[in-house]
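What follows is the content of model-v1.cif, which has mmCIF, C-alpha atoms:
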```cif
data_coords
loop_
_atom_site.label_atom_id
_atom_site.label_comp_id
_atom_site.auth_asym_id
_atom_site.auth_seq_id
_atom_site.Cartn_x
_atom_site.Cartn_y
_atom_site.Cartn_z
CA MET A 1 -17.15 4.26 -6.38
CA SER A 2 -15.93 1.00 -7.92
CA ASN A 3 -13.99 1.42 -11.14
CA LYS A 4 -13.08 -2.17 -11.98
CA GLU A 5 -13.22 -1.73 -15.74
CA GLN A 6 -10.16 0.52 -15.56
CA ALA A 7 -8.32 -1.12 -12.66
CA MET A 8 -4.75 -2.25 -13.21
CA ASP A 9 -3.30 -5.75 -12.93
CA ARG A 10 -2.09 -6.26 -9.36
CA ARG A 11 0.92 -8.39 -10.27
CA LYS A 12 2.16 -5.87 -12.85
CA VAL A 13 1.71 -3.01 -10.38
CA MET A 14 3.66 -4.85 -7.70
CA ALA A 15 6.41 -5.80 -10.15
CA LYS A 16 6.75 -2.17 -11.25
CA ILE A 17 6.95 -0.95 -7.65
CA LEU A 18 9.42 -3.65 -6.60
CA GLY A 19 11.54 -2.99 -9.68
CA GLN A 20 12.25 0.53 -8.41
CA ARG A 21 12.80 -0.27 -4.74
CA GLY A 22 16.59 0.11 -4.56
CA ASP A 23 17.50 -0.43 -0.88
CA THR A 24 14.05 0.54 0.43
CA LEU A 25 12.83 -1.45 3.42
CA ILE A 26 9.49 -2.97 2.43
CA VAL A 27 6.85 -4.42 4.76
CA THR A 28 4.10 -6.46 3.13
CA GLY A 29 0.71 -7.20 4.60
CA LEU A 30 -1.33 -10.36 4.67
CA GLY A 31 -2.16 -12.05 1.36
CA SER A 32 -1.51 -10.91 -2.18
CA THR A 33 1.11 -8.25 -1.43
CA THR A 34 3.21 -10.85 0.37
CA TYR A 35 2.75 -13.41 -2.40
CA ASP A 36 3.66 -10.89 -5.07
CA ALA A 37 6.68 -9.50 -3.22
CA GLY A 38 7.90 -13.05 -2.64
CA THR A 39 8.30 -13.57 -6.38
CA ALA A 40 11.19 -11.08 -6.22
CA ASP A 41 12.51 -12.00 -2.77
CA HIS A 42 14.84 -9.42 -1.29
CA PRO A 43 16.69 -9.27 2.04
CA ASN A 44 15.06 -5.91 2.83
CA THR A 45 11.50 -7.26 2.57
CA PHE A 46 9.62 -8.05 5.76
CA TYR A 47 6.68 -10.40 5.12
CA LEU A 48 3.78 -10.38 7.57
CA TRP A 49 2.07 -13.63 6.62
CA GLY A 50 -0.31 -13.87 9.54
CA GLY A 51 -0.39 -10.41 11.06
CA MET A 52 -3.49 -8.85 9.55
CA GLY A 53 -3.70 -5.21 10.53
CA ALA A 54 -0.03 -5.00 11.55
CA ALA A 55 1.84 -3.99 8.39
CA ALA A 56 1.38 -0.22 8.63
CA MET A 57 2.37 -0.12 12.29
CA MET A 58 5.35 -2.42 11.70
CA GLY A 59 6.44 -0.05 8.94
CA LEU A 60 6.03 2.93 11.24
CA GLY A 61 8.26 1.24 13.80
CA LEU A 62 10.92 0.59 11.15
CA ALA A 63 10.70 4.18 9.90
CA ILE A 64 11.23 5.52 13.41
CA ALA A 65 14.06 3.07 14.13
CA GLN A 66 15.76 3.66 10.76
CA PRO A 67 15.22 7.37 10.02
CA LYS A 68 17.84 7.43 7.26
CA ARG A 69 16.19 4.56 5.34
CA ARG A 70 13.07 4.73 3.17
CA VAL A 71 10.32 2.45 4.47
CA LEU A 72 7.47 1.39 2.21
CA VAL A 73 4.47 -0.59 3.41
CA LEU A 74 2.53 -2.48 0.74
CA THR A 75 -0.73 -3.96 1.93
CA GLY A 76 -4.33 -4.44 0.91
CA ASP A 77 -7.48 -2.44 1.42
CA GLY A 78 -8.96 -5.02 3.80
CA GLU A 79 -5.99 -4.74 6.14
CA MET A 80 -6.05 -0.94 6.11
CA LEU A 81 -9.76 -0.87 6.79
CA MET A 82 -9.12 -3.17 9.75
CA GLY A 83 -6.40 -0.88 11.09
CA MET A 84 -7.92 2.58 10.60
CA GLY A 85 -6.20 3.87 13.72
CA ALA A 86 -2.87 3.37 11.97
CA PHE A 87 -3.63 6.34 9.71
CA ALA A 88 -3.96 8.67 12.69
CA THR A 89 -0.88 7.32 14.47
CA ILE A 90 1.30 7.56 11.36
CA GLY A 91 0.03 11.06 10.64
CA ALA A 92 0.70 12.17 14.20
CA GLN A 93 4.22 10.71 14.19
CA ALA A 94 4.88 12.17 10.70
CA PRO A 95 7.92 10.12 9.71
CA GLY A 96 9.49 11.76 6.68
CA ASN A 97 10.90 8.46 5.42
CA PHE A 98 7.59 6.55 5.43
CA ALA A 99 5.34 5.59 2.51
CA LEU A 100 2.23 3.43 2.42
CA GLY A 101 0.83 1.88 -0.74
CA VAL A 102 -2.53 0.15 -0.48
CA ILE A 103 -3.09 -2.36 -3.27
CA ASP A 104 -6.84 -1.91 -3.41
CA ASN A 105 -8.96 -4.48 -5.26
CA GLU A 106 -12.02 -3.43 -3.24
CA HIS A 107 -12.48 -7.00 -1.97
CA TYR A 108 -11.45 -9.19 0.96
CA SER A 109 -9.42 -11.60 -1.16
CA GLU A 110 -8.37 -13.88 1.68
CA THR A 111 -11.87 -14.62 2.92
CA GLY A 112 -13.96 -15.15 -0.20
CA MET A 113 -13.97 -11.93 -2.24
CA GLN A 114 -16.60 -10.05 -0.29
CA PRO A 115 -16.66 -6.34 -1.27
CA THR A 116 -14.79 -4.04 1.11
CA HIS A 117 -15.93 -0.57 2.10
CA THR A 118 -13.69 0.94 -0.61
CA HIS A 119 -16.03 -0.78 -3.07
CA ARG A 120 -18.83 1.20 -1.45
CA GLY A 121 -17.06 4.54 -1.70
CA VAL A 122 -14.80 4.81 1.35
CA ASP A 123 -11.92 7.05 0.25
CA LEU A 124 -8.66 5.85 1.83
CA ALA A 125 -6.70 8.74 0.30
CA GLY A 126 -9.16 11.16 1.88
CA ILE A 127 -8.69 9.48 5.24
CA ALA A 128 -4.90 9.72 4.92
CA ARG A 129 -5.19 13.42 3.99
CA SER A 130 -7.35 14.09 7.04
CA CYS A 131 -4.71 12.35 9.17
CA SER A 132 -1.99 14.78 7.99
CA PHE A 133 -0.20 12.63 5.40
CA LYS A 134 1.87 15.06 3.32
CA VAL A 135 1.08 13.24 0.06
CA SER A 136 -2.16 11.32 -0.41
CA GLU A 137 -3.51 10.25 -3.80
CA THR A 138 -5.55 7.58 -5.56
CA VAL A 139 -3.86 5.79 -8.47
CA ARG A 140 -6.19 4.39 -11.14
CA THR A 141 -4.11 4.18 -14.33
CA GLU A 142 -0.62 3.26 -15.52
CA ALA A 143 0.06 6.97 -16.08
CA ASP A 144 -1.02 7.71 -12.49
CA LEU A 145 1.29 4.93 -11.25
CA ASP A 146 4.24 6.26 -13.25
CA ALA A 147 3.66 9.70 -11.71
CA ALA A 148 3.29 8.23 -8.21
CA LEU A 149 6.46 6.13 -8.13
CA PRO A 150 8.95 8.98 -7.63
CA LYS A 151 6.81 10.27 -4.75
CA LEU A 152 6.41 6.79 -3.28
CA PHE A 153 10.18 6.42 -3.08
CA GLY A 154 11.27 10.01 -2.58
CA ALA A 155 8.69 12.49 -1.31
CA VAL A 156 8.90 13.64 2.28
CA GLY A 157 6.34 11.63 4.18
CA PRO A 158 4.25 10.32 5.36
CA VAL A 159 3.16 9.42 1.83
CA PHE A 160 0.01 7.47 0.91
CA PHE A 161 -1.23 5.99 -2.36
CA ASP A 162 -4.45 4.02 -2.80
CA ILE A 163 -3.58 1.93 -5.86
CA LYS A 164 -6.67 0.52 -7.56
CA VAL A 165 -6.17 -2.95 -9.03
CA SER A 166 -8.43 -5.61 -10.51
CA THR A 167 -9.51 -8.68 -8.59
CA GLN A 168 -7.61 -10.96 -10.98
#
```
Mind turning this structure into structure tokens?
Amino acid sequence: MSNKEQAMDRRKVMAKILGQRGDTLIVTGLGSTTYDAGTADHPNTFYLWGGMGAAAMMGLGLAIAQPKRRVLVLTGDGEMLMGMGAFATIGAQAPGNFALGVIDNEHYSETGMQPTHTHRGVDLAGIARSCSFKVSETVRTEADLDAALPKLFGAVGPVFFDIKVSTQ
């Protein structure tokens, strides 16, 4: 279940991901992913400030509309738990240019740090696998993240990574 002692720093994870983005279209979800992406503002970043539950589906729409462009959605575990149907829809559509990274601190950061279901053992990577994502993994360490980045930006999708971060 929860593995907070080993979780990575969210800001460093986001900086590392954004540093390798190239011309990738990035959609950020409500809260921390939007704040963190905004520190390295880019014209190909689409911020969803108030659209909780919409980031994954917005990214799917972009991936379908722009099949020659890589689309990466970066959002939190609370938003993905709210939009569980997105996993099935993305898996069924199977866009090869789509990747989804959940920055998972196992808490609802925007509403008072209540534990999410991932804190209680819900396996988002397992859900993505069962919804036919071609790549689906959990990232817990810097070494895991380094191994995941080439897949996040280059593997045939849909691609999913549950990236465990601390609550700090």
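Near Gly85 in chain A, within a cut-off of 12 Å and counting only C-alpha atoms, sit the residues Gly53, Ala54, Ala56, Met57, Glu79, Met80, Leu81, Met82, Ala88, Thr89, Ile90, Gly91, Ala92, Ile127, Ala128 and Cys131 of chain A, with same-chain residues fewer than 3 positions away left out.
Closest approach to Ala125 in chain A among A:Trp49, A:Tyr35, A:Phe87, A:Phe160 is made by A:Phe160 (distances from all atoms listed in the file).
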Quick one: contact table of range 47-125 of chain A to range 132-153 of chain A, 10 Å max, nearest atom pair and distance in Å to one decimal per residue, counting all atoms listed in the file, chain and number order, as a Markdown table?
```
| residue | atom | partner | partner_atom | distance |
| --- | --- | --- | --- | --- |
| A:Arg70 | CA | A:Phe153 | CA | 7.1 |
| A:Val71 | CA | A:Phe153 | CA | 8.5 |
| A:Leu72 | CA | A:Leu152 | CA | 7.8 |
| A:Phe87 | CA | A:Phe133 | CA | 8.4 |
| A:Ala88 | CA | A:Ser132 | CA | 8.0 |
| A:Thr89 | CA | A:Ser132 | CA | 9.9 |
| A:Ile90 | CA | A:Phe133 | CA | 8.0 |
| A:Gly91 | CA | A:Ser132 | CA | 5.0 |
| A:Ala92 | CA | A:Ser132 | CA | 7.3 |
| A:Gln93 | CA | A:Ser132 | CA | 9.7 |
| A:Ala94 | CA | A:Phe133 | CA | 7.4 |
| A:Pro95 | CA | A:Phe133 | CA | 9.5 |
| A:Gly96 | CA | A:Lys134 | CA | 9.0 |
| A:Asn97 | CA | A:Phe153 | CA | 8.8 |
| A:Phe98 | CA | A:Leu152 | CA | 8.8 |
| A:Ala99 | CA | A:Leu152 | CA | 6.0 |
| A:Leu100 | CA | A:Leu152 | CA | 7.8 |
| A:Gly101 | CA | A:Leu152 | CA | 7.9 |
| A:Val102 | CA | A:Thr138 | CA | 9.5 |
| A:Ile103 | CA | A:Val139 | CA | 9.7 |
| A:Asp104 | CA | A:Val139 | CA | 9.7 |
| A:Asp123 | CA | A:Thr138 | CA | 8.6 |
| A:Leu124 | CA | A:Thr138 | CA | 8.2 |
| A:Ala125 | CA | A:Ser136 | CA | 5.3 |
```
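In this model, the gap between CA of Ala155 in chain A and CA of Arg11 in chain A comes to 24.0 Å.
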Need the shell around Met14 in chain A: protein/DNA/RNA residues with any atom at most 8 Å away, counting all atoms listed in the file. Skip same-chain ones fewer than 6 positions apart. Format as a ChimeraX atom specification? /A:33,36-37
Just give me the gap between CA of Gly59 in chain A and CA of Tyr47 in chain A in Å, one decimal is fine. 11.0 Å
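Interatomic distance, CA of Ala86 in chain A against CA of Gly31 in chain A: 18.7 Å.
Counting all atoms listed in the file and comparing A:Gly157, A:Thr34, A:Gly78, A:Asp9, the residue that lies closest to Ala63 in chain A is A:Gly157.
Within the file as shown, the PyMOL selection byres ((chain A and resi 105) around 8) identifies Gly76, Asp77, Ile103, Asp104, Glu106, His107, Lys164, Val165, Ser166 and Thr167 of chain A.
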Excluding Thr28 in chain A and any residue of its chain fewer than 6 positions from it, enumerate the residues within 7 Å of it, using all atoms listed in the file, and give them as a ChimeraX atom specification. /A:34,46-48,55,73-75
